[in-house]
Structures are given as structure tokens and as C-alpha cells.
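Asks: Dropping in run27.tsv, which is TSV, C-alpha atoms:
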```
chain	number	residue	atom	x	y	z
A	583	MET	CA	-40.92	-42.44	-62.41
A	584	SER	CA	-39.60	-39.59	-60.36
A	585	ASP	CA	-40.18	-35.90	-60.84
A	586	PRO	CA	-37.32	-33.64	-61.91
A	587	MET	CA	-35.13	-31.78	-59.44
A	588	ARG	CA	-35.02	-28.02	-59.30
A	589	ILE	CA	-31.42	-26.87	-59.51
A	590	ARG	CA	-30.27	-23.30	-59.19
A	591	ALA	CA	-26.59	-22.50	-59.61
A	592	GLN	CA	-25.40	-18.94	-59.15
A	593	ALA	CA	-21.85	-17.73	-59.56
A	594	ALA	CA	-20.56	-15.05	-57.21
A	595	GLY	CA	-17.04	-14.07	-56.24
A	596	GLY	CA	-15.33	-16.96	-58.00
A	597	ASN	CA	-17.57	-19.58	-56.43
A	598	ALA	CA	-21.00	-20.89	-57.25
A	599	THR	CA	-23.82	-21.50	-54.82
A	600	ILE	CA	-25.83	-24.56	-55.77
A	601	ARG	CA	-29.34	-25.03	-54.46
A	602	VAL	CA	-31.18	-28.24	-55.18
A	603	LEU	CA	-34.71	-29.35	-54.40
A	604	MET	CA	-35.35	-33.05	-54.90
A	605	SER	CA	-38.73	-34.66	-55.19
A	606	HIS	CA	-38.67	-37.79	-53.06
A	607	GLU	CA	-40.89	-39.46	-50.47
A	608	MET	CA	-37.96	-40.16	-48.11
A	609	GLU	CA	-39.93	-42.74	-46.16
A	610	SER	CA	-37.99	-43.46	-42.98
A	611	GLY	CA	-39.08	-47.04	-42.40
A	612	GLN	CA	-40.30	-46.09	-38.92
A	613	ARG	CA	-43.85	-45.12	-39.78
A	614	LYS	CA	-46.89	-47.35	-39.81
A	615	ASP	CA	-49.81	-47.27	-42.21
A	616	GLY	CA	-53.52	-47.32	-41.33
A	617	ASN	CA	-53.42	-51.07	-40.72
A	618	GLY	CA	-50.49	-50.88	-38.33
A	619	LYS	CA	-48.02	-52.30	-40.81
A	620	ILE	CA	-44.63	-50.71	-41.11
A	621	ILE	CA	-44.16	-48.69	-44.29
A	622	PRO	CA	-40.88	-49.89	-45.77
A	623	ALA	CA	-37.97	-47.49	-45.85
A	624	TRP	CA	-37.56	-45.66	-49.14
A	625	HIS	CA	-35.05	-42.90	-49.19
A	626	ILE	CA	-32.13	-41.43	-51.07
A	627	GLN	CA	-28.81	-43.03	-50.15
A	628	ASP	CA	-26.25	-41.45	-52.40
A	629	VAL	CA	-26.00	-37.95	-53.77
A	630	THR	CA	-23.27	-36.89	-56.15
A	631	ALA	CA	-22.60	-33.53	-57.69
A	632	SER	CA	-20.33	-32.93	-60.63
A	633	LEU	CA	-18.99	-29.86	-62.34
A	634	ASN	CA	-18.51	-30.28	-66.08
A	635	GLY	CA	-18.52	-34.02	-65.63
A	636	LYS	CA	-15.97	-34.08	-62.80
A	637	PRO	CA	-17.30	-35.16	-59.37
A	638	VAL	CA	-17.04	-32.39	-56.80
A	639	MET	CA	-19.13	-33.74	-53.95
A	640	THR	CA	-20.57	-37.01	-52.75
A	641	ALA	CA	-22.90	-37.50	-49.83
A	642	GLU	CA	-24.44	-40.46	-48.05
A	643	TRP	CA	-27.98	-39.84	-46.88
A	644	GLY	CA	-30.15	-41.79	-44.52
A	645	PRO	CA	-33.74	-41.98	-43.33
A	646	ALA	CA	-33.43	-38.83	-41.19
A	647	VAL	CA	-33.44	-36.55	-44.21
A	648	SER	CA	-36.80	-34.87	-44.83
A	649	LYS	CA	-39.29	-35.47	-47.59
A	650	ASN	CA	-38.63	-33.37	-50.71
A	651	PRO	CA	-35.12	-32.51	-49.46
A	652	PHE	CA	-33.31	-29.25	-50.07
A	653	LEU	CA	-29.54	-29.22	-50.52
A	654	GLN	CA	-27.27	-26.22	-50.70
A	655	PHE	CA	-23.51	-26.14	-51.17
A	656	THR	CA	-20.74	-24.09	-52.76
A	657	ILE	CA	-18.43	-25.13	-55.56
A	658	LYS	CA	-15.10	-23.34	-55.53
A	659	GLY	CA	-13.98	-21.88	-58.82
A	660	ALA	CA	-17.19	-22.56	-60.76
A	661	LYS	CA	-17.97	-19.92	-63.38
A	662	ALA	CA	-21.04	-18.90	-65.32
A	663	GLY	CA	-21.75	-21.35	-68.12
A	664	ASP	CA	-20.33	-24.35	-66.24
A	665	LYS	CA	-22.56	-27.40	-66.09
A	666	VAL	CA	-23.60	-28.74	-62.70
A	667	ALA	CA	-25.12	-32.20	-62.60
A	668	ILE	CA	-26.73	-33.75	-59.55
A	669	THR	CA	-27.50	-37.44	-59.18
A	670	TRP	CA	-29.35	-39.21	-56.44
A	671	LYS	CA	-29.75	-42.91	-55.94
A	672	ASP	CA	-32.26	-44.38	-53.49
A	673	ASN	CA	-32.38	-47.64	-51.57
A	674	ARG	CA	-34.67	-49.18	-54.19
A	675	GLY	CA	-31.98	-48.67	-56.77
A	676	GLU	CA	-33.84	-45.91	-58.56
A	677	SER	CA	-31.83	-42.91	-59.55
A	678	ARG	CA	-32.22	-39.58	-61.25
A	679	THR	CA	-29.83	-37.07	-62.73
A	680	ASP	CA	-30.59	-33.45	-63.54
A	681	GLU	CA	-28.36	-30.75	-64.89
A	682	ALA	CA	-28.22	-26.99	-64.78
A	683	ALA	CA	-25.89	-24.31	-66.06
A	684	VAL	CA	-24.27	-21.87	-63.64
A	685	THR	CA	-25.63	-18.37	-64.14
B	659	MET	CA	-64.75	-11.11	-0.33
B	660	SER	CA	-61.95	-12.97	1.34
B	661	CYS	CA	-58.28	-12.21	1.84
B	662	LEU	CA	-57.39	-14.81	-0.74
B	663	ASN	CA	-59.31	-12.89	-3.31
B	664	SER	CA	-57.01	-10.40	-4.96
B	665	GLN	CA	-59.78	-7.81	-4.90
B	666	ALA	CA	-59.89	-7.86	-1.10
B	667	THR	CA	-58.76	-4.54	0.34
B	668	ALA	CA	-56.00	-4.24	2.88
B	669	MET	CA	-58.47	-2.95	5.42
B	670	MET	CA	-60.20	-6.27	5.63
B	671	CYS	CA	-57.14	-8.40	6.02
B	672	PRO	CA	-54.39	-8.96	8.61
B	673	ARG	CA	-51.07	-7.34	7.69
B	674	GLY	CA	-49.20	-10.54	6.89
B	675	MET	CA	-51.86	-11.62	4.49
B	676	THR	CA	-51.75	-8.36	2.52
B	677	ALA	CA	-48.01	-8.60	2.14
B	678	ARG	CA	-48.28	-12.12	0.84
B	679	ILE	CA	-50.91	-11.08	-1.67
B	680	GLN	CA	-48.72	-8.24	-2.83
B	681	ILE	CA	-45.81	-10.61	-3.40
B	682	ALA	CA	-48.08	-12.98	-5.26
B	683	LEU	CA	-49.31	-10.16	-7.47
B	684	THR	CA	-45.79	-9.01	-8.22
B	685	VAL	CA	-44.78	-12.51	-9.18
B	686	THR	CA	-47.84	-12.80	-11.43
B	687	LEU	CA	-46.98	-9.56	-13.18
B	688	PHE	CA	-43.44	-10.74	-13.83
B	689	ALA	CA	-44.71	-14.02	-15.20
B	690	TRP	CA	-47.03	-12.11	-17.53
B	691	ALA	CA	-44.27	-9.90	-18.82
B	692	GLY	CA	-42.12	-12.98	-19.36
B	693	ALA	CA	-44.86	-14.73	-21.30
B	694	ALA	CA	-45.43	-11.66	-23.47
B	695	MET	CA	-41.73	-11.51	-24.31
B	696	ALA	CA	-41.53	-15.22	-25.08
B	697	GLN	CA	-44.66	-14.89	-27.20
B	698	LYS	CA	-43.13	-12.15	-29.32
B	699	SER	CA	-39.90	-13.98	-29.83
B	700	SER	CA	-41.59	-17.26	-30.77
B	701	ALA	CA	-43.58	-15.44	-33.45
B	702	ASP	CA	-40.33	-13.89	-34.62
B	703	SER	CA	-38.65	-17.27	-34.62
B	704	ILE	CA	-41.40	-18.77	-36.73
B	705	ALA	CA	-41.09	-15.88	-39.18
B	706	GLU	CA	-37.33	-16.40	-39.28
B	707	TYR	CA	-37.79	-20.13	-39.80
B	708	ARG	CA	-40.14	-19.47	-42.70
B	709	THR	CA	-37.72	-17.06	-44.34
B	710	MET	CA	-34.97	-19.63	-44.08
B	711	LEU	CA	-37.16	-22.30	-45.64
B	712	GLN	CA	-38.59	-20.01	-48.29
B	713	ASP	CA	-35.43	-20.30	-50.32
B	714	GLY	CA	-35.86	-24.02	-50.68
B	715	ASN	CA	-39.64	-24.17	-50.67
B	716	PRO	CA	-40.63	-27.60	-52.04
B	717	ALA	CA	-43.73	-25.89	-53.47
B	718	ASP	CA	-41.36	-25.17	-56.37
B	719	LEU	CA	-41.48	-28.87	-57.22
B	720	PHE	CA	-45.28	-28.82	-57.34
B	721	GLU	CA	-45.21	-25.59	-59.31
B	722	ALA	CA	-42.99	-27.17	-61.97
B	723	LYS	CA	-45.17	-30.26	-62.06
B	724	GLY	CA	-48.29	-28.10	-62.38
B	725	GLU	CA	-46.89	-26.14	-65.30
B	726	ASP	CA	-46.09	-29.40	-67.08
B	727	LEU	CA	-49.57	-30.75	-66.42
B	728	TRP	CA	-51.16	-27.56	-67.73
B	729	LYS	CA	-49.38	-27.93	-71.06
B	730	GLN	CA	-49.62	-31.70	-71.32
B	731	LYS	CA	-52.27	-33.35	-73.49
B	732	ARG	CA	-54.20	-35.51	-71.06
B	733	GLY	CA	-57.59	-37.02	-70.27
B	734	PRO	CA	-60.14	-38.80	-72.46
B	735	LYS	CA	-60.06	-35.93	-74.98
B	736	ASN	CA	-56.25	-35.87	-75.02
B	737	ALA	CA	-56.13	-32.09	-74.73
B	738	SER	CA	-54.09	-29.62	-72.72
B	739	LEU	CA	-55.50	-26.96	-70.39
B	740	GLU	CA	-53.94	-24.14	-72.37
B	741	GLN	CA	-57.35	-22.88	-73.53
B	742	CYS	CA	-58.75	-22.86	-70.00
B	743	ASP	CA	-60.51	-19.60	-69.14
B	744	LEU	CA	-59.68	-18.62	-65.57
B	745	GLY	CA	-61.61	-15.39	-65.89
B	746	LYS	CA	-59.24	-13.25	-67.93
B	747	GLY	CA	-59.88	-15.03	-71.23
B	748	PRO	CA	-58.82	-18.44	-72.56
B	749	GLY	CA	-55.23	-19.27	-71.74
B	750	VAL	CA	-54.54	-16.20	-69.58
B	751	VAL	CA	-52.98	-17.41	-66.34
B	752	LYS	CA	-50.98	-14.43	-65.14
B	753	GLY	CA	-53.03	-12.35	-62.74
B	754	ALA	CA	-56.01	-14.69	-62.89
B	755	TRP	CA	-55.64	-15.98	-59.37
B	756	VAL	CA	-55.76	-12.59	-57.61
B	757	GLU	CA	-59.22	-12.05	-59.13
B	758	LEU	CA	-60.66	-15.40	-58.07
B	759	PRO	CA	-63.26	-16.47	-56.98
B	760	ARG	CA	-65.38	-14.68	-59.60
B	761	TYR	CA	-68.59	-15.17	-61.53
B	762	PHE	CA	-68.35	-17.23	-64.72
B	763	ALA	CA	-71.10	-16.76	-67.31
B	764	ASP	CA	-70.55	-20.18	-68.95
B	765	THR	CA	-71.19	-22.15	-65.76
B	766	GLY	CA	-73.56	-19.55	-64.32
B	767	ARG	CA	-71.92	-19.55	-60.92
B	768	VAL	CA	-69.13	-18.11	-58.83
B	769	GLN	CA	-66.06	-20.36	-58.88
B	770	ASP	CA	-62.74	-20.36	-57.12
B	771	MET	CA	-59.50	-21.45	-58.74
B	772	GLU	CA	-59.79	-25.13	-57.90
B	773	SER	CA	-63.44	-25.53	-58.86
B	774	ARG	CA	-62.81	-23.61	-62.09
B	775	LEU	CA	-59.94	-25.96	-62.82
B	776	LEU	CA	-62.31	-28.92	-62.53
B	777	THR	CA	-64.64	-27.24	-65.04
B	778	CYS	CA	-61.74	-26.86	-67.49
B	779	MET	CA	-60.59	-30.43	-66.93
B	780	GLN	CA	-64.11	-31.60	-67.74
B	781	THR	CA	-64.87	-29.38	-70.75
B	782	LEU	CA	-61.41	-29.41	-72.33
B	783	GLN	CA	-59.94	-32.74	-71.29
B	784	GLY	CA	-63.05	-34.83	-70.76
B	785	PHE	CA	-62.46	-35.71	-67.11
B	786	ASN	CA	-65.50	-36.24	-64.92
B	787	ALA	CA	-65.51	-33.17	-62.66
B	788	GLU	CA	-67.86	-34.76	-60.16
B	789	ALA	CA	-65.63	-37.81	-59.78
B	790	LEU	CA	-62.57	-35.56	-59.44
B	791	ALA	CA	-64.27	-33.56	-56.68
B	792	LYS	CA	-64.99	-36.79	-54.81
B	793	THR	CA	-61.40	-38.04	-55.05
B	794	PRO	CA	-59.83	-37.76	-51.59
B	795	PHE	CA	-57.09	-35.14	-51.14
B	796	GLY	CA	-53.64	-36.48	-51.84
B	797	LYS	CA	-54.92	-39.27	-54.09
B	798	ASP	CA	-54.57	-39.81	-57.83
B	799	GLU	CA	-55.86	-36.97	-60.00
B	800	GLN	CA	-56.51	-34.76	-56.97
B	801	ASN	CA	-52.71	-34.44	-56.61
B	802	ASN	CA	-52.58	-33.08	-60.14
B	803	VAL	CA	-55.30	-30.54	-59.39
B	804	THR	CA	-53.24	-29.29	-56.43
B	805	ALA	CA	-50.07	-29.08	-58.52
B	806	ILE	CA	-51.80	-27.12	-61.29
B	807	ALA	CA	-53.40	-24.83	-58.69
B	808	THR	CA	-49.93	-24.25	-57.21
B	809	TRP	CA	-48.58	-23.18	-60.59
B	810	ILE	CA	-51.56	-20.92	-61.34
B	811	SER	CA	-51.17	-19.14	-58.00
B	812	ALA	CA	-47.42	-18.81	-58.51
B	813	GLU	CA	-48.05	-17.00	-61.80
B	814	SER	CA	-49.72	-14.22	-59.78
B	815	LYS	CA	-47.12	-14.09	-57.03
B	816	GLY	CA	-46.56	-10.57	-55.74
B	817	MET	CA	-49.65	-9.15	-57.44
B	818	THR	CA	-52.42	-7.55	-55.38
B	819	PHE	CA	-55.82	-9.01	-54.70
B	820	ASN	CA	-58.60	-7.39	-56.63
B	821	LEU	CA	-61.75	-9.48	-56.51
B	822	SER	CA	-64.75	-8.26	-58.41
B	823	GLN	CA	-68.00	-7.53	-56.61
B	824	SER	CA	-69.78	-6.18	-59.67
B	825	HIS	CA	-71.97	-9.19	-60.38
B	826	VAL	CA	-74.96	-9.81	-58.15
B	827	GLU	CA	-73.88	-13.45	-57.65
B	828	GLU	CA	-70.48	-12.28	-56.41
B	829	ARG	CA	-72.10	-9.98	-53.87
B	830	LYS	CA	-74.44	-12.78	-52.83
B	831	MET	CA	-71.51	-15.16	-52.32
B	832	TYR	CA	-69.73	-12.55	-50.21
B	833	GLU	CA	-72.78	-12.31	-47.98
B	834	VAL	CA	-73.10	-16.11	-47.79
B	835	GLY	CA	-69.40	-16.40	-46.98
B	836	LYS	CA	-69.70	-13.80	-44.25
B	837	ARG	CA	-72.60	-15.63	-42.63
B	838	LEU	CA	-70.76	-18.95	-42.82
B	839	PHE	CA	-67.73	-17.29	-41.29
B	840	TYR	CA	-69.74	-16.27	-38.25
B	841	LEU	CA	-71.89	-19.41	-38.12
B	842	ARG	CA	-71.33	-21.18	-34.83
B	843	GLY	CA	-72.06	-24.85	-34.61
B	844	GLY	CA	-70.74	-28.36	-34.18
B	845	SER	CA	-69.89	-30.13	-30.95
B	846	HIS	CA	-67.49	-27.33	-29.96
B	847	ASP	CA	-69.85	-24.47	-30.87
B	848	PHE	CA	-67.17	-23.04	-33.12
B	849	ALA	CA	-67.18	-20.60	-36.00
B	850	CYS	CA	-64.34	-19.48	-38.27
B	851	ALA	CA	-64.77	-16.17	-36.44
B	852	THR	CA	-63.93	-17.81	-33.11
B	853	CYS	CA	-60.26	-17.89	-34.09
B	854	HIS	CA	-60.03	-15.52	-37.05
B	855	ALA	CA	-62.06	-12.40	-36.27
B	856	GLN	CA	-59.77	-10.63	-33.82
B	857	ASP	CA	-56.23	-9.35	-33.97
B	858	ASP	CA	-53.39	-11.09	-32.17
B	859	LYS	CA	-55.08	-14.41	-31.53
B	860	ARG	CA	-52.93	-17.49	-31.33
B	861	ILE	CA	-53.35	-21.21	-31.51
B	862	ARG	CA	-50.57	-22.96	-29.68
B	863	LEU	CA	-47.71	-20.62	-30.59
B	864	GLN	CA	-48.89	-19.62	-34.04
B	865	ASP	CA	-50.37	-16.24	-34.77
B	866	LEU	CA	-53.77	-16.43	-36.40
B	867	PRO	CA	-54.64	-13.96	-39.14
B	868	ASN	CA	-57.70	-11.78	-38.63
B	869	LEU	CA	-59.52	-12.72	-41.81
B	870	THR	CA	-62.20	-10.06	-41.52
B	871	LYS	CA	-59.91	-7.22	-42.65
B	872	GLN	CA	-56.51	-6.29	-43.95
B	873	PRO	CA	-53.72	-7.24	-43.60
B	874	GLY	CA	-54.90	-10.53	-42.08
B	875	ALA	CA	-57.26	-11.44	-44.90
B	876	ALA	CA	-54.64	-11.34	-47.65
B	877	ASN	CA	-51.99	-12.88	-45.38
B	878	GLY	CA	-54.26	-15.84	-44.79
B	879	PHE	CA	-56.10	-16.20	-48.06
B	880	GLY	CA	-53.15	-15.19	-50.21
B	881	ALA	CA	-50.76	-17.81	-48.82
B	882	TRP	CA	-52.52	-20.95	-50.04
B	883	PRO	CA	-51.70	-23.19	-51.90
B	884	ALA	CA	-48.89	-23.76	-49.44
B	885	TYR	CA	-46.38	-26.49	-48.66
B	886	ARG	CA	-46.70	-27.85	-45.14
B	887	VAL	CA	-43.34	-28.85	-43.80
B	888	SER	CA	-44.75	-30.85	-40.90
B	889	ASN	CA	-46.42	-33.41	-43.14
B	890	GLY	CA	-44.66	-32.77	-46.43
B	891	GLN	CA	-47.91	-32.06	-48.25
B	892	MET	CA	-48.99	-29.42	-50.70
B	893	TRP	CA	-52.34	-27.95	-49.68
B	894	GLY	CA	-54.73	-25.90	-51.79
B	895	MET	CA	-57.35	-23.56	-50.37
B	896	GLN	CA	-60.05	-26.22	-50.67
B	897	LEU	CA	-58.09	-28.58	-48.44
B	898	ARG	CA	-57.19	-25.72	-46.10
B	899	LEU	CA	-60.88	-24.95	-45.59
B	900	ASN	CA	-61.81	-28.59	-45.31
B	901	ASP	CA	-59.30	-28.93	-42.51
B	902	CYS	CA	-60.62	-25.80	-40.79
B	903	TYR	CA	-64.02	-27.45	-40.76
B	904	ARG	CA	-62.51	-30.67	-39.45
B	905	GLN	CA	-61.00	-28.72	-36.55
B	906	GLN	CA	-64.40	-27.17	-35.90
B	907	ARG	CA	-65.90	-30.69	-35.88
B	908	PHE	CA	-68.21	-29.70	-38.71
B	909	PRO	CA	-69.08	-32.19	-41.43
B	910	TYR	CA	-66.68	-31.92	-44.37
B	911	PRO	CA	-67.89	-29.58	-47.07
B	912	LEU	CA	-67.35	-31.18	-50.46
B	913	PHE	CA	-64.46	-30.18	-52.69
B	914	GLY	CA	-65.49	-27.05	-54.58
B	915	SER	CA	-68.71	-26.74	-52.59
B	916	GLU	CA	-70.70	-23.50	-52.54
B	917	ALA	CA	-69.73	-23.14	-48.88
B	918	THR	CA	-65.97	-23.23	-49.42
B	919	ILE	CA	-66.21	-20.97	-52.49
B	920	ALA	CA	-68.34	-18.45	-50.55
B	921	LEU	CA	-65.72	-18.37	-47.80
B	922	GLY	CA	-63.09	-17.81	-50.49
B	923	VAL	CA	-65.05	-14.82	-51.80
B	924	TYR	CA	-65.39	-13.44	-48.27
B	925	MET	CA	-61.68	-13.72	-47.48
B	926	GLY	CA	-60.56	-12.63	-50.95
B	927	VAL	CA	-62.71	-9.52	-50.99
B	928	ASN	CA	-61.58	-8.64	-47.46
B	929	GLY	CA	-58.01	-9.01	-48.66
B	930	LYS	CA	-58.38	-6.47	-51.47
B	931	GLY	CA	-55.13	-4.63	-52.05
B	932	GLY	CA	-53.07	-7.23	-50.22
B	933	ASP	CA	-50.20	-9.18	-51.76
B	934	ALA	CA	-50.48	-12.69	-53.14
B	935	THR	CA	-47.69	-14.70	-51.51
B	936	ALA	CA	-48.68	-18.20	-52.60
B	937	PRO	CA	-47.29	-20.73	-52.99
B	938	ALA	CA	-46.07	-20.21	-49.45
B	939	ILE	CA	-44.39	-22.48	-46.95
B	940	LYS	CA	-46.09	-23.33	-43.68
B	941	ARG	CA	-45.03	-25.10	-40.56
```
Would you give me this structure, written as C-alpha cells?
Replies:
Amino acid sequence: MSDPMRIRAQAAGGNATIRVLMSHEMESGQRKDGNGKIIPAWHIQDVTASLNGKPVMTAEWGPAVSKNPFLQFTIKGAKAGDKVAITWKDNRGESRTDEAAVT
Amino acid sequence: MSCLNSQATAMMCPRGMTARIQIALTVTLFAWAGAAMAQKSSADSIAEYRTMLQDGNPADLFEAKGEDLWKQKRGPKNASLEQCDLGKGPGVVKGAWVELPRYFADTGRVQDMESRLLTCMQTLQGFNAEALAKTPFGKDEQNNVTAIATWISAESKGMTFNLSQSHVEERKMYEVGKRLFYLRGGSHDFACATCHAQDDKRIRLQDLPNLTKQPGAANGFGAWPAYRVSNGQMWGMQLRLNDCYRQQRFPYPLFGSEATIALGVYMGVNGKGGDATAPAIKR
């Protein structure tokens, strides 16, 4: 079970700045454990953001993204009260969705 | 004295030699000035880097997890930590951290935040505090302790340190902490004071806080728990001190040991009046 994301969405000047912190190991698949065995890759592959249910951004992520990644982007035309939902899906097929209202 | 020695006077040396020495000295001076400039800007760059990261500090994730854990009914007694007394009365979290470590009458000893948390987890939730203290950092329940500690510290963010020295045990621990701070030993003949008792010391390119006085003491002590970007781990003060001792090639003090708590008292009291910045973000 994964921990919730922290989403902050602030409206300013007709746009909204979205800042997301995700809790994920983001194991690159390049590291070895204490016994010299490769730790299998485990990272987020797909990120989607939607505004009031309508997709506004999709991203493909790979093993180069850091552990507990931080994502920031702007949604044009988003107003206070709008709902922003973020979903990530990792290479193990796990996924998580969290939602926040624009303030 | 020889002509190669920079202290040699011109009188003792052939003309050509003196000139060469002068050129060498000039070059050295330039190199020094260059290093000083680069030094300043690297410190600035690190500060800038921290500010940029501060906005997305993953410590927030641990903070949220810690708050959840505090309120969750857990452990053999299936109870929450909401009645935990961190020194300001049962359940008072705000402002508790800037007054820790302090003396607790119920346990009869001075405790820091993390060791006090273990006491609460034992008395309220029925966990075995001794077993928790022995759990390696980053494993199982120890992760939860760090997360809760992160949340507790965050509740005092921006407040000023004000550790009590009114109880005799608190004054004793300050004295013990001070002696430990200056105690040299281990294979490298190191003390905390070797790196942290003077202004403007650096390790690699990082500035080291002078923990014997302000503002260094609060800058150092008040920043942990902190998220370390380089290894993606959340570190509490107990782990911070354990790692200091590892770098000194000392044996590891145990989690919540008298030694680490005494050092906490020493740094905390020295940091009186300074701001609590934890949970911070570190390189």
C-alpha cells in the first residue's frame, strides 16, 4: 500500500500552479543490494493530471526520476474550487490517485 | 634558511632567485583569493539549492505520515498517542519540541523527543521500548518513530528554542553533553568539537555549524529531523548523532542513549533563542 501524495494547487492570475509530492521508492534497477544482487527496477511510469475529470497532462517517467519525486506544473484557466486529480502508475502495475481542490 | 624557503630574505639570495620567489608568492596569493571566492559562491549555491528544494521537501510526506500515526490506534494496547505527554501536558504537541530534551518526573530522567516517544509508545500503546530502540534505523517500527518525530518537530516550526535548565538533572546533562562534545577519542582522535567548535569550518564544500554558540547551535540542532536528498532518507536527531559518531570511528551509541540525549541538551541549550527550522532538507 502506498502513502498518499501531497498536492497543493494555487490559483493566481487565471492559472493554477500545481505542486505534487509523491511517495515512491523509484528504484532504478541499477543498484545492488548487500549480497551483490541487482535490486529490481520499481518506478513510476505514467503520471496523469486531470482538472474536474478532464485530462490536462500526461507524462512518461523512467528510472532517472528521484525517490519521493516532486512535480510542479501550471494549468491554464483553472480557478479556485476546481478539482485537480493526479494519478501515477508504476511498473509493477500499482497505482494511486489523489485529489485536491484549487485554492 | 635557504632561498627556496619563502622566509629567506633577499640579502641571502641571488637576484634571479628572489624574483622567482616573488612571482611564486604572487601566484599563491591569487590562487588563495580565487579559492576564497569559489568557497563563498559554493556555500551560496548550496543555500540556493536548498531554497529551491524547500518548496518540495519530501519531509512533508513523512510529516503527513507521522500525524496519521500519532492519531491511529496501534500496538498491543490498540491506542493512539494522543495522550502522550511531551513535556507540556498530555496531548500538547505544539511548542513541545523547542523545549526538548527536558526532565520528565514520570521516568525520572532527561529525555529527548525520540526517546520520549518510545516511552509513550510503551506506556500508551504497549510496544516494547527496548526492542524499538534496538531496531535498526530505516527498518520496521523505527521508520514510524522517525515519521512521528518529523511531525512533532514540524508542529514547532518557526518557534524559538527555549530549553529548561531549572532541574538539576537538566544541568547535569548539559555538563555531560559538553564533556562528550569535547571528548577526543577513537582511531582518528576526533571529538565533535574538532569540526563543530569554530566558526567557518567546512567539510568538503559544506559549511559546518559552530554548535557551541548561536547561531550555529540552533542552525544545526534545529534542522533535524531532516530529509537527505542524497540518499532519500528521513533522519532524526538520534540517527544524525549516530552517524556523527560513525564518522568519528566511535562505537555506536544506542538509540536514545544517555550520551546522545546529553549532546542534545548541550546543543539545544546553546541554541536558545534560535529558530526551529525542522523538518529541513539536506544535501
Asks: Using 8 Å of padding on each side, determine the axis-aligned box around all atoms of region 645-660 of chain A present in the file and give its centre and edge lengths in Å to one decimal, as lines of an AutoDock Vina configuration file.
Replies:
```
center_x = -26.6
center_y = -31.9
center_z = -51.0
size_x = 41.3
size_y = 36.1
size_z = 35.6
```
Asks: Between A:Ala641, A:Leu633, A:Ala623, A:Lys649, which residue has the minimum interatomic distance to Met892 (chain B), considering all atoms listed in the file?
Replies: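 Closest residue, counting all atoms listed in the file: A:Lys649.
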Asks: I need the residue nearest Met779 (chain B) from this list: B:Gln800, B:Glu813, B:Gly766, B:Cys742. Use all atoms listed in the file for the distance.
Replies: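 Of the candidates, the smallest distance to Met779 (chain B) is held by B:Cys742.
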Asks: Select, as a PyMOL selection string, those residues of chain A with any atom no more than 10 Å from chain B (distances computed using all atoms listed in the file).
Replies: chain A and resi 585-588+601-605+607+648-654
Asks: What is the distance between CA of Ala934 (chain B) and CA of Ala875 (chain B), in Å to one decimal?
Replies: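 CA of Ala875 (chain B) lies at a distance of 10.7 Å from CA of Ala934 (chain B).
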Asks: Just how far from CA of Gly844 (chain B) is CA of Phe908 (chain B), in Å to one decimal?
Replies: 5.4 Å
Asks: Using all atoms listed in the file for the distances, tell me which of B:Glu740, B:Arg829, B:Gly894, B:Gln823 is nearest to Glu772 (chain B).
Replies: B:Gly894
Asks: So the first atom is CA of Val751 (chain B) and the second is CA of Ile810 (chain B); what is the distance between them in Å, to one decimal place?
Replies: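 Straight-line distance from CA of Val751 (chain B) to CA of Ile810 (chain B) works out to 6.3 Å.
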Asks: I'd like the contact shell of Asp672 (chain A) - 10 Å cut-off, only C-alpha atoms, skipping same-chain residues fewer than 2 positions apart - returned as number ranges by chain.
Replies: A: 606, 608, 624-629, 643-644, 670, 674-678
Asks: Env of Phe762 (chain B): 10 Å cut, atoms = all atoms listed in the file, seq-sep filter 2 positions within chain, self excluded. Answer as a PyMOL selection string.
Replies: chain B and resi 743-745+759-760+764-770+774+825+827-828
Asks: Excluding Gly596 (chain A) and residues on its chain fewer than 6 positions from it, collect all residues at most 9 Å away from it, counting only C-alpha atoms, and give them as an MDAnalysis selection string.
Replies: chainID A and resid 658:661
Asks: Write out the residues from the selection above, keeping C-alpha atoms, as a short mmCIF file (atom, residue, chain, number, x, y, z; two decimals), in the frame of the given file.
Replies:
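File part31.cif, as written:
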```
data_model
loop_
_atom_site.label_atom_id
_atom_site.label_comp_id
_atom_site.auth_asym_id
_atom_site.auth_seq_id
_atom_site.Cartn_x
_atom_site.Cartn_y
_atom_site.Cartn_z
CA LYS A 658 -15.10 -23.34 -55.53
CA GLY A 659 -13.98 -21.88 -58.82
CA ALA A 660 -17.19 -22.56 -60.76
CA LYS A 661 -17.97 -19.92 -63.38
#
```
Asks: From the list A:Ile589, A:Ile657, A:Asn597, A:Glu609, which residue is nearest Pro637 (chain A) when using only C-alpha atoms?
Replies: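 Counting only C-alpha atoms, the residue closest to Pro637 (chain A) is A:Ile657.
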Asks: Name the closest residue to Gly663 (chain A) among the candidates A:Val647, A:Ala631, A:Ala591, A:Ile600; distances are taken between atoms, counting all atoms listed in the file.
Replies: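 Distance minimum relative to Gly663 (chain A) lands on A:Ala591.
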Asks: Taking the block just given, write region 792-812 of chain B to a file that holds C-alpha atoms, as a tab-separated table (two decimals), in the first residue's frame.
Replies:
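Listed below is the output, result.tsv:
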```tsv
chain	number	residue	atom	x	y	z
B	792	LYS	CA	17.32	-1.81	19.13
B	793	THR	CA	15.53	-1.80	15.76
B	794	PRO	CA	18.00	-0.58	13.13
B	795	PHE	CA	17.32	2.83	11.57
B	796	GLY	CA	15.17	2.65	8.49
B	797	LYS	CA	13.60	-0.67	9.49
B	798	ASP	CA	10.05	-1.53	10.54
B	799	GLU	CA	8.73	0.42	13.52
B	800	GLN	CA	11.82	2.64	13.61
B	801	ASN	CA	10.52	4.27	10.38
B	802	ASN	CA	7.32	5.13	12.20
B	803	VAL	CA	9.24	6.68	15.08
B	804	THR	CA	11.08	8.92	12.59
B	805	ALA	CA	7.84	9.90	10.85
B	806	ILE	CA	6.13	10.81	14.14
B	807	ALA	CA	9.24	12.75	15.24
B	808	THR	CA	9.11	14.63	11.92
B	809	TRP	CA	5.51	15.65	12.55
B	810	ILE	CA	6.17	16.67	16.17
B	811	SER	CA	9.08	18.89	15.10
B	812	ALA	CA	7.03	20.39	12.28
```
